[in-house]
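Student: Okay, here's the structure, questions in a sec.
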Amino acid sequence: MPTPRHARPVAGLARLVRRVIERIHQVAASGATRVPGLSGVILMAQNHPALFRIGGAVIVLVTAAAAVLVGGSVSSPPKATTAEPPRVTAQSSATALPTPVPFGSPSLAASSPSPVLTTPGPSPSHVRPGTSSPTIAPTVIAPTVTSQITPHPTSGQTQQPTHVPPACVPVWRNDSVPASSAPGGTLAAVASAAHDDVWAVGTTGNGTSGPDASHGLAEHWNGRTWSAIATPRPDSRSKLLGVTAPSRTLAWAVGVSVLDGHYQTLILRWDGTRWTRTSSPNPGTRINYLVSVWAPNPQEAWAVGYTSTGSGPLKGLVLHWNGTDWVPVHIPDTTERALLLGIHGSGPSDVWAVGRLGNRTLSEHWNGTTWSIVASPGDPGTTMNLTGVWARSSTDVWAAGGYVDGAGQSHPLAAHFNGTAWSTNVPPDPGDSSVFSVVAPADRDVWLFGVRGNTGEATGSQLIQHWNGSSWSTLTSPSTPGGFLRGATARAGEIWAVGWRTDPNSTHAPLSNSHRC
């Protein structure tokens with residue numbers, strides 16, 4: 001009796017399955033690692049569209065089973081060049097297949113040392129429970145360092161991390177500096193090597209001699225608390241005014257020491273274990289003052305200040321660490337009184353120093369070979385100076401300071417260099433205020449720090465101002481009133497500002513504010 005027309009695809013499918021199974025047993029018995037001839041079987045199915053549509057899924061399943069039985073694959077892909085992945089252990093004896101990872105089950109966590117299992121081809125949900133259809137062997141792939149993966153209910157969807165941490169939103173906070181570690185202390189500068197390795201320097205003590213004599217103060221932030229770290233106490237008294245930290249095992253602190261009425265440069269070096277004094281030049285016969293320091297890398301550093309022979313006006317002073325010694329570097333001579341009060345750069349060949357020339361602002365630039373004066377904002381009719389500078393690039397440099405008007409009132413001042421010229425960018429004036437430091441951690445993200453009202457004594461308060469690229473805003477300080485912010489730094493999303501506060505008894509205490517998560 002002829003086969004009914006509608007049953008022909010089924011009969012053909014049966015013949016095809018028998019032929020594939022026979023071929024599987026032949027190859028498995030021979031120990032071969034390939035299944036030659038299966039391409040012809042599949043071609044036969046393709047030449048019969050109805051058969052191909054009905055039996056497509058079964059053909060794929062049988063083919064996959066063949067690959068597992070002989071330990072290879074239909075197409076025998078080239079061997080991977082990486083190390084052989086772990087083998088999947090069979091669940092039973094004689095031709096047992098590994099248990100597949102159910103589709104929708106979570107993959108192994110990235111922290112797990114076991115390999116992640118993924119299921120290729122059609123979902124096992126296409127196989128009816130209880131049937132004898134071969135199980136699809138999971139492919140073993142190396143685990144990747146990613147977050148935990150959440151399963152999705154259907155195939156074809158991209159798996160997403162189960163938890164995406166919220167974006168960091170830094171806030172200003174006051175980080176207490178123990179008063180016991182620095183009685184009568186003030187902080188003048190801060191530098192960060194890492195989020196848990198921050199240095200702030202200043203002065204402790206308020207006397208000129210004896211046990212109360214002022215000396216350099218170094219405070220260290222370990223990620224949780226501030227603590228005082230011992231520093232050398234040279235001569236009769238000293239103070240530290242600048243600090244830079246190019247690495248965890250190297251930091252420089254600069255300032256001045258006083259002996260017999262002579263002011264000498266003071267440079268300390270942190271080697272990861274302790275602070276030691278480093279020899280430094282004193283070109284002036286009476287005054288040699290270092291105010292600020294900056295290091296583009298561990299191999300070199302710059303320090304600036306001012307010097308005098310005693311018979312002429314103060315002159316700007318620049319010292320350079322060449323990896324072996326601190327040496328004076330020539331800068332343009334001026335006939336007027338000149339002071340360099342801040343230094344920063346975007347690289348070894350793009351360094352800026354700012355200060356005061358006569359009654360005007362002063363900016364000088366190092367291009368890798370020489371220092372030159374660059375015209376900076378100023379009105380000869382007022383007293384102006386720049387005390388802080390921050391260079392993001394050769395075309396994006398910010399400087400900050402202040403000016404005094406005819407009535408003797410102080411006002412904040414900011415200036416920007418665009419690669420060609422300086423221009424003023426005056427922040428709002430909260431009244432009788434001064435700015436001493438600036439940081440620009442990102443484009444359209446500039447911060448000024450200083451004091452408003454009565455020079456920061458008990459009646460004054462800390463000044464924090466922010467530029468967002470279009471306007472300035474004045475922020476409320478997180479600390480108690482009576483503060484003075486003198487130094488600041490920024491690194492990896494964190495901003496630090498330090499200074500001091502004064503209690504009603506006119507006693508100073510170190511102060512630290514930070515803008516971080």
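All residue names refer to the structure tokens as shown: chains lettered A, B, ... in order, residues numbered from 1 in each chain, ligands numbered from 1 in order.
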Quick one: residues within 8 Å of stretch 437-448 of chain A, only C-alpha atoms, excluding same-chain residues fewer than 6 positions away - as a ChimeraX atom specification?
Tutor: /A:387-392,398-401,463-470,486-491,493
Student: Which residues are near stretch 189-203 of chain A? Cut-off 7 Å, only C-alpha atoms, ignore same chain within fewer than 6 positions. Put them as a PyMOL selection string.
Tutor: chain A and resi 214-223+239-248+486-489+491+498
Student: Measuring between only C-alpha atoms, which one of A:Ala353, A:Leu413, A:Val177, A:Val404 shows the shortest distance to A:Thr225?
Tutor: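 Smallest separation from A:Thr225 among the options: A:Val177.
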Student: Where in stretch 282-476 of chain A does DSSP assign strand (DSSP E), given as an MDAnalysis selection string?
Tutor: chainID A and resid 287:297 300:308 315:321 326:328 338:347 350:357 360:366 371:373 383:393 396:404 410:417 422:424 433:442 445:452 461:467 472:475
Student: So that I can check the surroundings of stretch 421-430 of chain A, please list as a short mmCIF file (atom, residue, chain, number, x, y, z; two decimals) with N, CA and C atoms, in the first residue's frame every protein, DNA and RNA residue that reaches within 10 Å of it, counting only C-alpha atoms and ignoring chain neighbours fewer than 5 positions away.
Tutor:
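Result file around_20.cif:
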```
data_model
loop_
_atom_site.label_atom_id
_atom_site.label_comp_id
_atom_site.auth_asym_id
_atom_site.auth_seq_id
_atom_site.Cartn_x
_atom_site.Cartn_y
_atom_site.Cartn_z
N SER A 363 52.40 86.15 36.88
CA SER A 363 52.39 84.74 36.45
C SER A 363 53.62 84.47 35.61
N VAL A 374 54.34 85.89 31.87
CA VAL A 374 53.17 85.95 31.00
C VAL A 374 52.23 87.02 31.57
N ALA A 375 51.86 87.98 30.73
CA ALA A 375 51.00 89.07 31.21
C ALA A 375 49.76 88.51 31.87
N SER A 376 49.43 89.02 33.06
CA SER A 376 48.30 88.52 33.84
C SER A 376 47.38 89.66 34.22
N PRO A 377 46.14 89.37 34.60
CA PRO A 377 45.17 90.42 34.90
C PRO A 377 45.66 91.31 36.05
N GLY A 378 45.34 92.58 35.95
CA GLY A 378 45.72 93.49 37.03
C GLY A 378 45.36 94.92 36.71
N THR A 395 46.09 74.70 27.84
CA THR A 395 45.07 75.65 27.40
C THR A 395 43.95 75.81 28.43
N VAL A 397 44.07 76.77 32.41
CA VAL A 397 44.78 77.06 33.66
C VAL A 397 43.96 78.06 34.46
N TRP A 398 43.82 77.78 35.74
CA TRP A 398 43.09 78.68 36.64
C TRP A 398 44.02 79.20 37.72
N ALA A 399 43.84 80.47 38.07
CA ALA A 399 44.59 81.08 39.16
C ALA A 399 43.62 81.83 40.06
N ALA A 400 43.96 81.95 41.32
CA ALA A 400 43.06 82.61 42.28
C ALA A 400 43.85 83.47 43.24
N GLY A 402 43.25 87.65 45.24
CA GLY A 402 42.35 88.69 45.69
C GLY A 402 42.92 90.06 45.40
N SER A 410 38.87 93.72 51.09
CA SER A 410 39.40 92.63 50.27
C SER A 410 38.29 91.99 49.44
N HIS A 411 38.64 91.52 48.24
CA HIS A 411 37.67 90.90 47.34
C HIS A 411 38.33 89.69 46.66
N PRO A 412 37.56 88.63 46.41
CA PRO A 412 38.12 87.45 45.73
C PRO A 412 38.37 87.72 44.26
N LEU A 413 39.33 87.00 43.72
CA LEU A 413 39.71 87.16 42.31
C LEU A 413 40.03 85.80 41.72
N ALA A 414 39.56 85.55 40.51
CA ALA A 414 39.90 84.34 39.76
C ALA A 414 40.27 84.73 38.35
N ALA A 415 41.18 83.99 37.75
CA ALA A 415 41.62 84.27 36.38
C ALA A 415 41.79 82.95 35.64
N HIS A 416 41.60 83.00 34.32
CA HIS A 416 41.69 81.80 33.49
C HIS A 416 42.60 82.05 32.30
N VAL A 435 40.55 84.94 48.58
CA VAL A 435 40.71 83.57 48.09
C VAL A 435 42.20 83.24 48.07
N LEU A 448 37.14 77.47 44.55
CA LEU A 448 37.97 78.48 45.22
C LEU A 448 37.80 78.32 46.73
N VAL A 451 38.58 82.89 52.82
CA VAL A 451 37.96 83.35 54.06
C VAL A 451 37.11 84.58 53.75
N ARG A 452 36.05 84.74 54.50
CA ARG A 452 35.25 85.95 54.39
C ARG A 452 35.02 86.53 55.78
N GLY A 453 35.27 87.80 55.89
CA GLY A 453 35.03 88.49 57.15
C GLY A 453 36.19 88.45 58.11
N LEU A 463 35.38 80.25 53.24
CA LEU A 463 34.78 80.61 51.95
C LEU A 463 35.03 79.50 50.95
N GLN A 465 33.73 78.58 46.99
CA GLN A 465 32.98 79.02 45.82
C GLN A 465 33.21 78.05 44.66
N HIS A 466 32.17 77.89 43.83
CA HIS A 466 32.23 76.90 42.74
C HIS A 466 31.80 77.52 41.43
N TRP A 467 32.55 77.17 40.37
CA TRP A 467 32.25 77.59 39.00
C TRP A 467 31.82 76.36 38.21
N SER A 471 28.34 79.92 35.75
CA SER A 471 28.09 80.85 36.85
C SER A 471 28.79 80.37 38.12
N TRP A 472 28.97 81.32 39.04
CA TRP A 472 29.57 81.04 40.33
C TRP A 472 28.48 80.86 41.38
N SER A 473 28.78 80.04 42.39
CA SER A 473 27.90 79.90 43.54
C SER A 473 28.78 79.84 44.79
N THR A 474 28.25 80.36 45.89
CA THR A 474 28.95 80.31 47.17
C THR A 474 28.29 79.27 48.04
#
```
Student: When you draw a straight line from atom CA of A:Ala492 to atom CA of A:His515, how long is it in Å?
Tutor: 11.2 Å
Student: Using only C-alpha atoms, which protein or nucleic acid residues come within 8 Å of A:Trp294? Drop anything in the same chain fewer than 2 positions from it, and give the result as a PyMOL selection string.
Tutor: chain A and resi 243-244+292+296+301-303+343-345
Student: Just write the chosen residues, all heavy atoms, as a short mmCIF file (atom, residue, chain, number, x, y, z; two decimals), in the first residue's frame.
Tutor:
```cif
data_model
loop_
_atom_site.label_atom_id
_atom_site.label_comp_id
_atom_site.auth_asym_id
_atom_site.auth_seq_id
_atom_site.Cartn_x
_atom_site.Cartn_y
_atom_site.Cartn_z
N VAL A 243 53.15 71.42 50.25
CA VAL A 243 53.38 69.99 50.22
C VAL A 243 52.93 69.43 48.88
O VAL A 243 51.99 69.94 48.26
CB VAL A 243 52.63 69.28 51.38
CG1 VAL A 243 51.12 69.41 51.22
CG2 VAL A 243 53.03 67.82 51.50
N THR A 244 53.59 68.38 48.42
CA THR A 244 53.20 67.64 47.22
C THR A 244 53.52 66.17 47.46
O THR A 244 54.47 65.85 48.17
CB THR A 244 53.93 68.16 45.96
OG1 THR A 244 53.40 67.52 44.80
CG2 THR A 244 55.42 67.91 46.02
N SER A 292 55.42 77.22 48.25
CA SER A 292 54.64 76.21 47.53
C SER A 292 55.57 75.25 46.82
O SER A 292 56.69 75.61 46.42
CB SER A 292 53.70 76.90 46.53
OG SER A 292 52.86 75.97 45.88
N PRO A 296 55.76 66.99 39.22
CA PRO A 296 55.06 66.33 38.11
C PRO A 296 55.23 64.82 38.12
O PRO A 296 54.43 64.09 37.53
CB PRO A 296 55.71 66.95 36.87
CG PRO A 296 57.08 67.35 37.33
CD PRO A 296 56.92 67.76 38.77
N ALA A 301 60.85 67.94 40.95
CA ALA A 301 59.91 68.76 41.71
C ALA A 301 60.33 70.21 41.60
O ALA A 301 61.49 70.54 41.30
CB ALA A 301 59.85 68.31 43.17
N TRP A 302 59.35 71.11 41.83
CA TRP A 302 59.58 72.55 41.81
C TRP A 302 59.11 73.15 43.12
O TRP A 302 58.07 72.75 43.66
CB TRP A 302 58.82 73.21 40.66
CG TRP A 302 59.29 72.83 39.29
CD1 TRP A 302 58.82 71.83 38.50
CD2 TRP A 302 60.33 73.47 38.54
NE1 TRP A 302 59.49 71.79 37.31
CE2 TRP A 302 60.43 72.80 37.29
CE3 TRP A 302 61.18 74.56 38.78
CZ2 TRP A 302 61.34 73.16 36.32
CZ3 TRP A 302 62.09 74.93 37.80
CH2 TRP A 302 62.16 74.23 36.59
N ALA A 303 59.86 74.14 43.63
CA ALA A 303 59.46 74.88 44.83
C ALA A 303 59.65 76.37 44.54
O ALA A 303 60.63 76.77 43.90
CB ALA A 303 60.29 74.46 46.04
N ILE A 343 52.42 77.25 42.87
CA ILE A 343 52.96 76.58 41.68
C ILE A 343 52.16 75.32 41.39
O ILE A 343 51.71 74.61 42.31
CB ILE A 343 54.46 76.25 41.84
CG1 ILE A 343 55.05 75.72 40.52
CG2 ILE A 343 54.69 75.26 42.97
CD1 ILE A 343 56.57 75.65 40.53
N HIS A 344 51.96 75.05 40.10
CA HIS A 344 51.27 73.83 39.66
C HIS A 344 51.50 73.70 38.17
O HIS A 344 51.87 74.67 37.49
CB HIS A 344 49.77 73.90 39.96
CG HIS A 344 49.07 72.58 39.85
ND1 HIS A 344 48.41 72.18 38.70
CD2 HIS A 344 48.93 71.56 40.74
CE1 HIS A 344 47.89 70.98 38.90
NE2 HIS A 344 48.18 70.58 40.13
N GLY A 345 51.30 72.51 37.63
CA GLY A 345 51.48 72.31 36.20
C GLY A 345 50.67 71.14 35.69
O GLY A 345 50.10 70.36 36.47
#
```
